[in-house]
$ cat upload-v2.txt   # compact mmCIF, C-alpha atoms
# COMPACT_ATOMS: atom_id res chain seq x y z
CA THR F 1069 129.97 60.28 152.29
CA ARG F 1070 127.95 57.78 150.20
CA LEU F 1071 125.57 60.57 149.14
CA ALA F 1072 128.48 62.76 148.04
CA ALA F 1073 129.96 59.84 146.09
CA ASP F 1074 126.61 59.12 144.41
CA ILE F 1075 126.23 62.78 143.43
CA GLU F 1076 129.74 62.80 141.95
CA ASN F 1077 129.04 59.60 140.01
CA LEU F 1078 125.82 61.09 138.63
CA ARG F 1079 127.70 64.23 137.62
CA ILE F 1080 130.33 62.17 135.80
CA GLU F 1081 127.66 60.10 134.05
CA ALA F 1082 125.78 63.24 132.98
CA GLU F 1083 128.99 64.80 131.65
CA SER F 1084 129.88 61.61 129.78
CA GLU F 1085 126.41 61.48 128.26
CA ARG F 1086 126.72 65.12 127.19
CA LEU F 1087 130.05 64.41 125.50
CA ARG F 1088 128.66 61.29 123.79
CA THR F 1089 125.69 63.28 122.48
CA ALA F 1090 127.93 66.06 121.21
CA LEU F 1091 130.22 63.57 119.53
CA LEU F 1092 127.31 61.78 117.83
CA ASN F 1093 125.96 65.13 116.63
CA SER F 1094 129.39 65.93 115.26
CA LEU F 1095 129.69 62.62 113.46
CA SER F 1096 126.16 62.77 112.06
CA HIS F 1097 126.37 66.33 110.74
CA ASP F 1098 129.81 67.93 110.75
CA LEU F 1099 131.58 64.89 109.35
CA ARG F 1100 128.79 63.68 107.09
CA THR F 1101 128.33 67.05 105.33
CA PRO F 1102 131.77 67.17 103.65
CA LEU F 1103 131.51 63.45 102.86
CA VAL F 1104 128.25 64.04 100.99
CA SER F 1105 129.93 66.86 99.05
CA VAL F 1106 132.84 64.62 98.10
CA ILE F 1107 130.44 61.92 96.89
CA GLY F 1108 128.52 64.53 94.90
CA SER F 1109 131.69 65.80 93.22
CA LEU F 1110 132.85 62.30 92.31
CA THR F 1111 129.41 61.42 90.98
CA GLY F 1112 129.42 64.54 88.84
CA LEU F 1113 132.80 63.63 87.36
CA GLY F 1114 131.23 60.49 85.96
CA GLU F 1115 128.67 62.41 83.92
CA PRO F 1116 129.29 62.23 80.14
CA GLY F 1117 130.01 65.32 78.08
CA MET F 1118 131.42 67.43 80.90
CA ASP F 1119 133.71 70.25 79.77
CA ALA F 1120 137.19 70.76 81.24
CA ARG F 1121 136.25 73.82 83.30
CA SER F 1122 133.33 72.07 85.03
CA ARG F 1123 135.47 69.01 85.66
CA ALA F 1124 138.22 71.15 87.23
CA ALA F 1125 135.66 72.92 89.43
CA LEU F 1126 134.28 69.60 90.69
CA ILE F 1127 137.76 68.29 91.42
CA ALA F 1128 138.65 71.46 93.35
CA ALA F 1129 135.39 71.32 95.33
CA GLY F 1130 135.87 67.65 96.13
CA LEU F 1131 139.45 68.21 97.29
CA ASP F 1132 138.43 71.12 99.53
CA GLU F 1133 135.72 69.04 101.19
CA ALA F 1134 138.03 66.03 101.54
CA ARG F 1135 140.61 68.23 103.28
CA ARG F 1136 137.87 69.61 105.52
CA LEU F 1137 136.83 66.07 106.43
CA ASP F 1138 140.46 65.18 107.13
CA ARG F 1139 140.78 68.18 109.49
CA TYR F 1140 137.66 67.12 111.39
CA VAL F 1141 138.94 63.57 111.81
CA GLN F 1142 142.37 64.86 112.86
CA ASN F 1143 140.71 67.09 115.46
CA LEU F 1144 138.89 64.08 116.92
CA LEU F 1145 142.14 62.10 117.11
CA ASP F 1146 144.02 65.04 118.61
CA MET F 1147 141.34 65.60 121.24
CA THR F 1148 141.59 61.93 122.22
CA ARG F 1149 145.34 62.31 122.70
CA ILE F 1150 144.84 65.38 124.86
CA GLU F 1151 142.11 63.77 126.99
CA TYR F 1152 144.22 60.65 127.67
CA GLY F 1153 147.41 62.59 128.39
CA ALA F 1154 149.20 61.04 125.43
CA LEU F 1155 150.39 64.39 124.04
CA ARG F 1156 154.19 64.66 124.00
CA PRO F 1157 155.45 67.72 122.08
CA ARG F 1158 158.60 67.20 119.99
CA ARG F 1159 160.12 70.64 120.30
CA SER F 1160 162.52 72.33 117.94
CA ALA F 1161 163.48 75.90 117.06
CA VAL F 1162 160.86 77.04 114.54
CA ASP F 1163 160.30 80.31 112.65
CA VAL F 1164 156.74 81.49 113.28
CA ARG F 1165 156.61 82.80 109.69
CA GLU F 1166 157.06 79.25 108.40
CA LEU F 1167 154.18 78.00 110.55
CA ILE F 1168 151.93 80.80 109.29
CA GLY F 1169 152.93 80.17 105.67
CA THR F 1170 152.22 76.44 105.93
CA ALA F 1171 148.83 77.03 107.58
CA ARG F 1172 147.83 79.56 104.93
CA ALA F 1173 148.80 77.17 102.15
CA GLU F 1174 146.78 74.32 103.67
CA LEU F 1175 143.74 76.61 104.11
CA ALA F 1176 144.00 78.38 100.75
CA GLY F 1177 140.44 77.46 99.81
CA VAL F 1178 139.02 78.36 103.22
CA LEU F 1179 140.80 81.74 103.28
CA ALA F 1180 140.07 82.61 99.64
CA GLY F 1181 137.18 84.91 100.56
CA HIS F 1182 139.22 87.01 103.00
CA ARG F 1183 142.20 89.33 102.98
CA VAL F 1184 144.98 88.03 105.21
CA GLU F 1185 147.34 90.70 106.53
CA VAL F 1186 150.51 89.71 108.40
CA ASP F 1187 152.18 92.35 110.57
CA PHE F 1188 155.33 91.03 112.22
CA PRO F 1189 158.11 93.21 113.67
CA ALA F 1190 161.67 92.63 112.54
CA GLY F 1191 163.90 90.28 114.49
CA LEU F 1192 161.30 87.88 115.86
CA PRO F 1193 162.88 85.08 117.92
CA ARG F 1194 162.32 81.48 116.90
CA LEU F 1195 159.74 79.47 118.80
CA ASP F 1196 160.58 76.45 120.96
CA VAL F 1197 157.59 74.33 119.96
CA ASP F 1198 156.45 71.20 118.19
CA PRO F 1199 155.85 72.54 114.64
CA VAL F 1200 153.14 69.97 113.89
CA LEU F 1201 151.08 70.68 117.01
CA ILE F 1202 151.41 74.48 116.95
CA GLY F 1203 150.93 74.50 113.19
CA GLN F 1204 147.62 72.67 113.72
CA ALA F 1205 146.66 75.15 116.46
CA ILE F 1206 147.30 78.07 114.09
CA SER F 1207 145.29 76.36 111.34
CA ASN F 1208 142.35 75.84 113.70
CA VAL F 1209 142.32 79.51 114.70
CA LEU F 1210 142.59 80.70 111.08
CA GLU F 1211 139.80 78.36 109.98
CA ASN F 1212 137.62 79.60 112.83
CA ALA F 1213 138.26 83.22 111.84
CA ALA F 1214 137.39 82.52 108.19
CA LYS F 1215 134.22 80.68 109.21
CA TYR F 1216 132.77 83.41 111.41
CA ALA F 1217 133.94 86.61 109.68
CA PRO F 1218 131.95 87.94 106.69
CA ALA F 1219 133.42 87.34 103.24
CA GLY F 1220 135.64 90.16 102.05
CA THR F 1221 136.78 91.16 105.54
CA THR F 1222 140.35 91.10 106.80
CA ILE F 1223 141.97 88.46 109.00
CA GLY F 1224 144.96 89.99 110.77
CA ILE F 1225 147.99 88.09 112.04
CA ALA F 1226 150.34 89.97 114.38
CA ALA F 1227 153.05 89.16 116.89
CA ALA F 1228 154.71 90.78 119.89
CA VAL F 1229 157.71 89.66 121.91
CA GLU F 1230 157.82 89.47 125.70
CA PRO F 1231 160.53 87.94 127.90
CA GLY F 1232 160.61 84.20 127.28
CA HIS F 1233 157.64 84.03 124.93
CA LEU F 1234 155.96 85.37 121.82
CA LEU F 1235 152.36 86.57 121.63
CA LEU F 1236 150.76 85.47 118.37
CA ARG F 1237 147.46 87.23 117.70
CA ILE F 1238 144.94 86.26 114.99
CA SER F 1239 142.05 88.70 114.60
CA ASP F 1240 138.84 88.65 112.58
CA ASP F 1241 136.09 91.15 111.84
CA GLY F 1242 133.18 88.89 112.78
CA PRO F 1243 130.36 89.54 115.28
CA GLY F 1244 132.62 88.85 118.24
CA ILE F 1245 132.31 86.77 121.39
CA PRO F 1246 130.30 88.00 124.40
CA PRO F 1247 132.65 88.77 127.36
CA ALA F 1248 131.01 86.13 129.56
CA GLU F 1249 131.77 83.40 127.02
CA ARG F 1250 135.38 84.24 126.07
CA ALA F 1251 136.82 81.66 128.46
CA LYS F 1252 134.17 79.03 127.66
CA VAL F 1253 134.95 78.90 123.91
CA PHE F 1254 137.99 76.78 124.73
CA ASP F 1255 135.90 74.11 126.47
CA LEU F 1256 135.34 70.78 124.76
CA PHE F 1257 132.31 70.77 122.39
CA TYR F 1258 131.30 74.28 123.50
CA ARG F 1259 129.33 76.37 121.00
CA ILE F 1260 128.40 80.00 121.47
CA GLY F 1261 124.74 80.88 121.77
CA ASP F 1262 125.20 84.44 120.52
CA GLY F 1263 127.94 86.36 118.75
CA ASP F 1264 130.13 84.10 116.66
CA ARG F 1265 127.41 81.58 115.88
CA ARG F 1266 127.16 79.23 112.91
CA PRO F 1267 125.25 75.94 112.54
CA SER F 1268 128.37 73.97 111.58
CA GLY F 1269 131.49 73.08 113.55
CA THR F 1270 132.46 70.33 115.94
CA GLY F 1271 133.21 72.55 118.91
CA LEU F 1272 136.67 70.95 119.01
CA GLY F 1273 138.86 73.50 117.22
CA LEU F 1274 139.58 75.94 120.05
CA ALA F 1275 139.63 73.18 122.69
CA ILE F 1276 142.47 71.59 120.72
CA VAL F 1277 144.22 74.95 120.41
CA ARG F 1278 144.19 75.28 124.19
CA GLY F 1279 145.38 71.69 124.68
CA PHE F 1280 148.29 72.09 122.24
CA VAL F 1281 149.37 75.50 123.57
CA GLU F 1282 149.15 74.46 127.23
CA ALA F 1283 151.17 71.31 126.44
CA HIS F 1284 154.03 73.74 125.68
CA GLY F 1285 153.55 75.64 128.93
CA GLY F 1286 151.80 78.50 127.14
CA ALA F 1287 148.35 80.05 127.34
CA VAL F 1288 145.58 81.09 124.96
CA ARG F 1289 143.00 83.84 125.35
CA ALA F 1290 139.98 85.19 123.47
CA LEU F 1291 140.00 89.00 123.34
CA PRO F 1292 138.08 91.73 121.52
CA GLY F 1293 139.33 92.65 118.06
CA PRO F 1294 141.82 95.52 117.53
CA GLN F 1295 139.10 98.17 117.06
CA GLY F 1296 136.68 96.57 119.49
CA ARG F 1297 135.04 94.57 116.67
CA GLY F 1298 135.38 90.86 116.05
CA THR F 1299 137.64 88.54 118.00
CA THR F 1300 141.35 88.19 118.63
CA ILE F 1301 142.75 84.82 119.66
CA GLU F 1302 146.06 85.35 121.43
CA MET F 1303 148.48 82.45 121.84
CA GLU F 1304 151.39 82.78 124.25
CA LEU F 1305 154.19 80.55 122.93
CA PRO F 1306 157.68 79.86 124.35
CA THR F 1307 160.68 81.17 122.45
CA ALA F 1308 163.98 79.38 121.87
CA GLN F 1309 166.88 80.46 124.05

$ encode --input "upload-v2.txt" --output "structure tokens"
Amino acid sequence: TRLAADIENLRIEAESERLRTALLNSLSHDLRTPLVSVIGSLTGLGEPGMDARSRAALIAAGLDEARRLDRYVQNLLDMTRIEYGALRPRRSAVDVRELIGTARAELAGVLAGHRVEVDFPAGLPRLDVDPVLIGQAISNVLENAAKYAPAGTTIGIAAAVEPGHLLLRISDDGPGIPPAERAKVFDLFYRIGDGDRRPSGTGLGLAIVRGFVEAHGGAVRALPGPQGRGTTIEMELPTAQ
């Protein structure tokens, strides 16, 4: 019994150390990178003789990076709430089109290099969700799709209705996720070794998506893209009665 307890304690310590290391890596790189960009933009604005177009470009770049930094920090705070069981959705009847529109507006700079196509059937029911939490989940999935899909490709947003819930699907035309890793991408701090791989990212985005969706009694899945290319993230969300 003591041996089993010692092994479990060692496992917990190893897992905690892994999470601490991942968090430090995130803070040292993923959070510092946009901060450096913001500082660079502000420094450039102080240069004499700058024309209006260059000044506007620096302001836009600084704002984009500041918003990116804000999203990273919000993801860290949200993950803390999920881990400590402090997540309490404030549900209301919400139109999924409004959530998509808000997310697209907030990510205008991130999505600028992609075509976004929305294909919703008529008569969609309203969702019974917390608009802030599910709006953040949608933003995380859209940002992930824009990050991993080549510039100029299409990000598709579609929906289907089933009894009691709505299936919201966001698809990209990136390299895809290997079948063996489709469930793991929702784990905390998990990063894919092959397929959808990039050097940046906290490994929090999809973990938060799962936490927010499951807090509403729903589910989230990673699937192949519509034509077998890329990735589709499918969120199963409750509908209002």

$ axis_aligned_box --input "upload-v2.txt" --around "region 1128-1133 of chain F" --padding-each-side "4 Å" --output "JSON"
{"center_x": 137.4, "center_y": 69.6, "center_z": 97.3, "size_x": 12.1, "size_y": 11.8, "size_z": 15.8}

$ residues_near_point --input "upload-v2.txt" --point "(143.7, 89.7, 111.7)" --cutoff "12 Å" --atoms "only C-alpha atoms" --output "PyMOL selection string"
chain F and resi 1179+1182-1188+1209-1210+1212-1214+1217+1221-1227+1236-1242+1292-1295+1297-1302

$ residues_around --input "upload-v2.txt" --residues "Arg1135 (chain F)" --least-positions-apart "4" --cutoff "12 Å" --atoms "all atoms listed in the file" --output "PyMOL selection string"
chain F and resi 1099+1102-1103+1105-1106+1128-1131+1139-1142+1174-1178

$ write_last_selection --input "upload-v2.txt" --atoms "C-alpha atoms" --output "compact mmCIF listing (two decimals), keeping the file's coordinate frame"
# COMPACT_ATOMS: atom_id res chain seq x y z
CA LEU F 1099 131.58 64.89 109.35
CA PRO F 1102 131.77 67.17 103.65
CA LEU F 1103 131.51 63.45 102.86
CA SER F 1105 129.93 66.86 99.05
CA VAL F 1106 132.84 64.62 98.10
CA ALA F 1128 138.65 71.46 93.35
CA ALA F 1129 135.39 71.32 95.33
CA GLY F 1130 135.87 67.65 96.13
CA LEU F 1131 139.45 68.21 97.29
CA ARG F 1139 140.78 68.18 109.49
CA TYR F 1140 137.66 67.12 111.39
CA VAL F 1141 138.94 63.57 111.81
CA GLN F 1142 142.37 64.86 112.86
CA GLU F 1174 146.78 74.32 103.67
CA LEU F 1175 143.74 76.61 104.11
CA ALA F 1176 144.00 78.38 100.75
CA GLY F 1177 140.44 77.46 99.81
CA VAL F 1178 139.02 78.36 103.22

$ closest_residue --input "upload-v2.txt" --among "F:Ala1290, F:Val1281, F:Ala1173, F:Ala1275" --to "Pro1246 (chain F)" --atoms "only C-alpha atoms"
F:Ala1290

$ residues_near_point --input "upload-v2.txt" --point "(149.3, 81.9, 127.1)" --cutoff "6 Å" --atoms "all atoms listed in the file" --output "list in words"
Gly1286, Ala1287, Val1288, Met1303 and Glu1304 of chain F

$ write_last_selection --input "upload-v2.txt" --atoms "C-alpha atoms" --output "PDB file, keeping the file's coordinate frame"
ATOM      1  CA  GLY F1286     151.800  78.500 127.140  1.00  0.00           C
ATOM      2  CA  ALA F1287     148.350  80.050 127.340  1.00  0.00           C
ATOM      3  CA  VAL F1288     145.580  81.090 124.960  1.00  0.00           C
ATOM      4  CA  MET F1303     148.480  82.450 121.840  1.00  0.00           C
ATOM      5  CA  GLU F1304     151.390  82.780 124.250  1.00  0.00           C
TER       6      GLU F1304
END

$ atom_distance --input "upload-v2.txt" --atom1 "CA of Arg1123 (chain F)" --atom2 "CA of Leu1110 (chain F)"
9.8 Å

$ closest_residue --input "upload-v2.txt" --among "F:Leu1113, F:Ala1283, F:Ala1308, F:Leu1071" --to "Gly1153 (chain F)" --atoms "all atoms listed in the file"
F:Ala1283

$ closest_residue --input "upload-v2.txt" --among "F:Ile1150, F:Pro1243, F:Pro1199, F:Arg1079" --to "Thr1170 (chain F)" --atoms "only C-alpha atoms"
F:Pro1199

$ atom_distance --input "upload-v2.txt" --atom1 "CA of Ser1160 (chain F)" --atom2 "CA of Leu1195 (chain F)"
7.7 Å

$ atom_distance --input "upload-v2.txt" --atom1 "CA of Asp1119 (chain F)" --atom2 "CA of Leu1137 (chain F)"
27.2 Å

$ closest_residue --input "upload-v2.txt" --among "F:Gly1114, F:Gly1232, F:Pro1247, F:Gly1169" --to "Pro1306 (chain F)" --atoms "only C-alpha atoms"
F:Gly1232

$ residues_around --input "upload-v2.txt" --residues "Leu1305 (chain F)" --least-positions-apart "5" --cutoff "12 Å" --atoms "only C-alpha atoms" --output "PDB file with C-alpha atoms, in the coordinates of the input"
ATOM      1  CA  ARG F1159     160.120  70.640 120.300  1.00  0.00           C
ATOM      2  CA  ALA F1161     163.480  75.900 117.060  1.00  0.00           C
ATOM      3  CA  VAL F1162     160.860  77.040 114.540  1.00  0.00           C
ATOM      4  CA  ASP F1163     160.300  80.310 112.650  1.00  0.00           C
ATOM      5  CA  VAL F1164     156.740  81.490 113.280  1.00  0.00           C
ATOM      6  CA  PRO F1193     162.880  85.080 117.920  1.00  0.00           C
ATOM      7  CA  ARG F1194     162.320  81.480 116.900  1.00  0.00           C
ATOM      8  CA  LEU F1195     159.740  79.470 118.800  1.00  0.00           C
ATOM      9  CA  ASP F1196     160.580  76.450 120.960  1.00  0.00           C
ATOM     10  CA  VAL F1197     157.590  74.330 119.960  1.00  0.00           C
ATOM     11  CA  ASP F1198     156.450  71.200 118.190  1.00  0.00           C
ATOM     12  CA  PRO F1199     155.850  72.540 114.640  1.00  0.00           C
ATOM     13  CA  LEU F1201     151.080  70.680 117.010  1.00  0.00           C
ATOM     14  CA  ILE F1202     151.410  74.480 116.950  1.00  0.00           C
ATOM     15  CA  GLY F1203     150.930  74.500 113.190  1.00  0.00           C
ATOM     16  CA  ALA F1205     146.660  75.150 116.460  1.00  0.00           C
ATOM     17  CA  ILE F1206     147.300  78.070 114.090  1.00  0.00           C
ATOM     18  CA  ALA F1227     153.050  89.160 116.890  1.00  0.00           C
ATOM     19  CA  ALA F1228     154.710  90.780 119.890  1.00  0.00           C
ATOM     20  CA  VAL F1229     157.710  89.660 121.910  1.00  0.00           C
ATOM     21  CA  GLU F1230     157.820  89.470 125.700  1.00  0.00           C
ATOM     22  CA  PRO F1231     160.530  87.940 127.900  1.00  0.00           C
ATOM     23  CA  GLY F1232     160.610  84.200 127.280  1.00  0.00           C
ATOM     24  CA  HIS F1233     157.640  84.030 124.930  1.00  0.00           C
ATOM     25  CA  LEU F1234     155.960  85.370 121.820  1.00  0.00           C
ATOM     26  CA  LEU F1235     152.360  86.570 121.630  1.00  0.00           C
ATOM     27  CA  LEU F1236     150.760  85.470 118.370  1.00  0.00           C
ATOM     28  CA  ARG F1237     147.460  87.230 117.700  1.00  0.00           C
ATOM     29  CA  VAL F1277     144.220  74.950 120.410  1.00  0.00           C
ATOM     30  CA  ARG F1278     144.190  75.280 124.190  1.00  0.00           C
ATOM     31  CA  PHE F1280     148.290  72.090 122.240  1.00  0.00           C
ATOM     32  CA  VAL F1281     149.370  75.500 123.570  1.00  0.00           C
ATOM     33  CA  GLU F1282     149.150  74.460 127.230  1.00  0.00           C
ATOM     34  CA  ALA F1283     151.170  71.310 126.440  1.00  0.00           C
ATOM     35  CA  HIS F1284     154.030  73.740 125.680  1.00  0.00           C
ATOM     36  CA  GLY F1285     153.550  75.640 128.930  1.00  0.00           C
ATOM     37  CA  GLY F1286     151.800  78.500 127.140  1.00  0.00           C
ATOM     38  CA  ALA F1287     148.350  80.050 127.340  1.00  0.00           C
ATOM     39  CA  VAL F1288     145.580  81.090 124.960  1.00  0.00           C
ATOM     40  CA  ARG F1289     143.000  83.840 125.350  1.00  0.00           C
TER      41      ARG F1289
END

$ build_atoms --input "upload-v2.txt" --residues "region 1151-1181 of chain F" --atoms "N, CA and C atoms" --output "PDB file, in the coordinates of the input"
ATOM      1  N   GLU F1151     142.914  64.261 125.882  1.00  0.00           N
ATOM      2  CA  GLU F1151     142.110  63.770 126.990  1.00  0.00           C
ATOM      3  C   GLU F1151     142.803  62.635 127.747  1.00  0.00           C
ATOM      4  N   TYR F1152     143.557  61.799 127.041  1.00  0.00           N
ATOM      5  CA  TYR F1152     144.220  60.650 127.670  1.00  0.00           C
ATOM      6  C   TYR F1152     145.663  60.955 128.073  1.00  0.00           C
ATOM      7  N   GLY F1153     146.064  62.209 127.971  1.00  0.00           N
ATOM      8  CA  GLY F1153     147.410  62.590 128.390  1.00  0.00           C
ATOM      9  C   GLY F1153     148.512  61.997 127.554  1.00  0.00           C
ATOM     10  N   ALA F1154     148.202  61.678 126.301  1.00  0.00           N
ATOM     11  CA  ALA F1154     149.200  61.040 125.430  1.00  0.00           C
ATOM     12  C   ALA F1154     149.940  62.052 124.558  1.00  0.00           C
ATOM     13  N   LEU F1155     149.784  63.349 124.862  1.00  0.00           N
ATOM     14  CA  LEU F1155     150.390  64.390 124.040  1.00  0.00           C
ATOM     15  C   LEU F1155     151.815  64.659 124.529  1.00  0.00           C
ATOM     16  N   ARG F1156     152.788  64.443 123.672  1.00  0.00           N
ATOM     17  CA  ARG F1156     154.190  64.660 124.000  1.00  0.00           C
ATOM     18  C   ARG F1156     154.826  65.522 122.909  1.00  0.00           C
ATOM     19  N   PRO F1157     154.897  66.848 123.119  1.00  0.00           N
ATOM     20  CA  PRO F1157     155.450  67.720 122.080  1.00  0.00           C
ATOM     21  C   PRO F1157     156.905  67.374 121.754  1.00  0.00           C
ATOM     22  N   ARG F1158     157.220  67.378 120.455  1.00  0.00           N
ATOM     23  CA  ARG F1158     158.600  67.200 119.990  1.00  0.00           C
ATOM     24  C   ARG F1158     159.122  68.559 119.565  1.00  0.00           C
ATOM     25  N   ARG F1159     159.749  69.241 120.499  1.00  0.00           N
ATOM     26  CA  ARG F1159     160.120  70.640 120.300  1.00  0.00           C
ATOM     27  C   ARG F1159     161.349  70.798 119.415  1.00  0.00           C
ATOM     28  N   SER F1160     161.339  71.903 118.704  1.00  0.00           N
ATOM     29  CA  SER F1160     162.520  72.330 117.940  1.00  0.00           C
ATOM     30  C   SER F1160     162.401  73.829 117.739  1.00  0.00           C
ATOM     31  N   ALA F1161     163.493  74.458 117.321  1.00  0.00           N
ATOM     32  CA  ALA F1161     163.480  75.900 117.060  1.00  0.00           C
ATOM     33  C   ALA F1161     162.803  76.140 115.712  1.00  0.00           C
ATOM     34  N   VAL F1162     161.695  76.878 115.728  1.00  0.00           N
ATOM     35  CA  VAL F1162     160.860  77.040 114.540  1.00  0.00           C
ATOM     36  C   VAL F1162     160.605  78.533 114.295  1.00  0.00           C
ATOM     37  N   ASP F1163     160.652  78.940 113.038  1.00  0.00           N
ATOM     38  CA  ASP F1163     160.300  80.310 112.650  1.00  0.00           C
ATOM     39  C   ASP F1163     158.782  80.410 112.557  1.00  0.00           C
ATOM     40  N   VAL F1164     158.193  81.351 113.283  1.00  0.00           N
ATOM     41  CA  VAL F1164     156.740  81.490 113.280  1.00  0.00           C
ATOM     42  C   VAL F1164     156.227  81.813 111.879  1.00  0.00           C
ATOM     43  N   ARG F1165     157.041  82.487 111.056  1.00  0.00           N
ATOM     44  CA  ARG F1165     156.610  82.800 109.690  1.00  0.00           C
ATOM     45  C   ARG F1165     156.397  81.526 108.868  1.00  0.00           C
ATOM     46  N   GLU F1166     157.230  80.521 109.108  1.00  0.00           N
ATOM     47  CA  GLU F1166     157.060  79.250 108.400  1.00  0.00           C
ATOM     48  C   GLU F1166     155.758  78.571 108.798  1.00  0.00           C
ATOM     49  N   LEU F1167     155.433  78.610 110.082  1.00  0.00           N
ATOM     50  CA  LEU F1167     154.180  78.000 110.550  1.00  0.00           C
ATOM     51  C   LEU F1167     152.981  78.709 109.936  1.00  0.00           C
ATOM     52  N   ILE F1168     153.027  80.032 109.889  1.00  0.00           N
ATOM     53  CA  ILE F1168     151.930  80.800 109.290  1.00  0.00           C
ATOM     54  C   ILE F1168     151.817  80.496 107.807  1.00  0.00           C
ATOM     55  N   GLY F1169     152.952  80.449 107.102  1.00  0.00           N
ATOM     56  CA  GLY F1169     152.930  80.170 105.670  1.00  0.00           C
ATOM     57  C   GLY F1169     152.356  78.805 105.355  1.00  0.00           C
ATOM     58  N   THR F1170     152.734  77.801 106.148  1.00  0.00           N
ATOM     59  CA  THR F1170     152.220  76.440 105.930  1.00  0.00           C
ATOM     60  C   THR F1170     150.711  76.389 106.181  1.00  0.00           C
ATOM     61  N   ALA F1171     150.260  77.028 107.267  1.00  0.00           N
ATOM     62  CA  ALA F1171     148.830  77.030 107.580  1.00  0.00           C
ATOM     63  C   ALA F1171     148.030  77.731 106.492  1.00  0.00           C
ATOM     64  N   ARG F1172     148.538  78.835 105.992  1.00  0.00           N
ATOM     65  CA  ARG F1172     147.830  79.560 104.930  1.00  0.00           C
ATOM     66  C   ARG F1172     147.746  78.737 103.652  1.00  0.00           C
ATOM     67  N   ALA F1173     148.808  78.008 103.346  1.00  0.00           N
ATOM     68  CA  ALA F1173     148.800  77.170 102.150  1.00  0.00           C
ATOM     69  C   ALA F1173     147.780  76.044 102.275  1.00  0.00           C
ATOM     70  N   GLU F1174     147.719  75.418 103.454  1.00  0.00           N
ATOM     71  CA  GLU F1174     146.780  74.320 103.670  1.00  0.00           C
ATOM     72  C   GLU F1174     145.330  74.798 103.640  1.00  0.00           C
ATOM     73  N   LEU F1175     145.104  76.066 104.033  1.00  0.00           N
ATOM     74  CA  LEU F1175     143.740  76.610 104.110  1.00  0.00           C
ATOM     75  C   LEU F1175     143.457  77.584 102.975  1.00  0.00           C
ATOM     76  N   ALA F1176     144.154  77.433 101.867  1.00  0.00           N
ATOM     77  CA  ALA F1176     144.000  78.380 100.750  1.00  0.00           C
ATOM     78  C   ALA F1176     142.549  78.520 100.324  1.00  0.00           C
ATOM     79  N   GLY F1177     141.848  77.412 100.211  1.00  0.00           N
ATOM     80  CA  GLY F1177     140.440  77.460  99.810  1.00  0.00           C
ATOM     81  C   GLY F1177     139.561  78.115 100.855  1.00  0.00           C
ATOM     82  N   VAL F1178     139.811  77.807 102.115  1.00  0.00           N
ATOM     83  CA  VAL F1178     139.020  78.360 103.220  1.00  0.00           C
ATOM     84  C   VAL F1178     139.225  79.869 103.333  1.00  0.00           C
ATOM     85  N   LEU F1179     140.458  80.324 103.108  1.00  0.00           N
ATOM     86  CA  LEU F1179     140.800  81.740 103.280  1.00  0.00           C
ATOM     87  C   LEU F1179     140.585  82.560 102.021  1.00  0.00           C
ATOM     88  N   ALA F1180     140.156  81.924 100.935  1.00  0.00           N
ATOM     89  CA  ALA F1180     140.070  82.610  99.640  1.00  0.00           C
ATOM     90  C   ALA F1180     139.148  83.817  99.670  1.00  0.00           C
ATOM     91  N   GLY F1181     138.125  83.808 100.513  1.00  0.00           N
ATOM     92  CA  GLY F1181     137.180  84.910 100.560  1.00  0.00           C
ATOM     93  C   GLY F1181     137.567  86.031 101.493  1.00  0.00           C
TER      94      GLY F1181
END
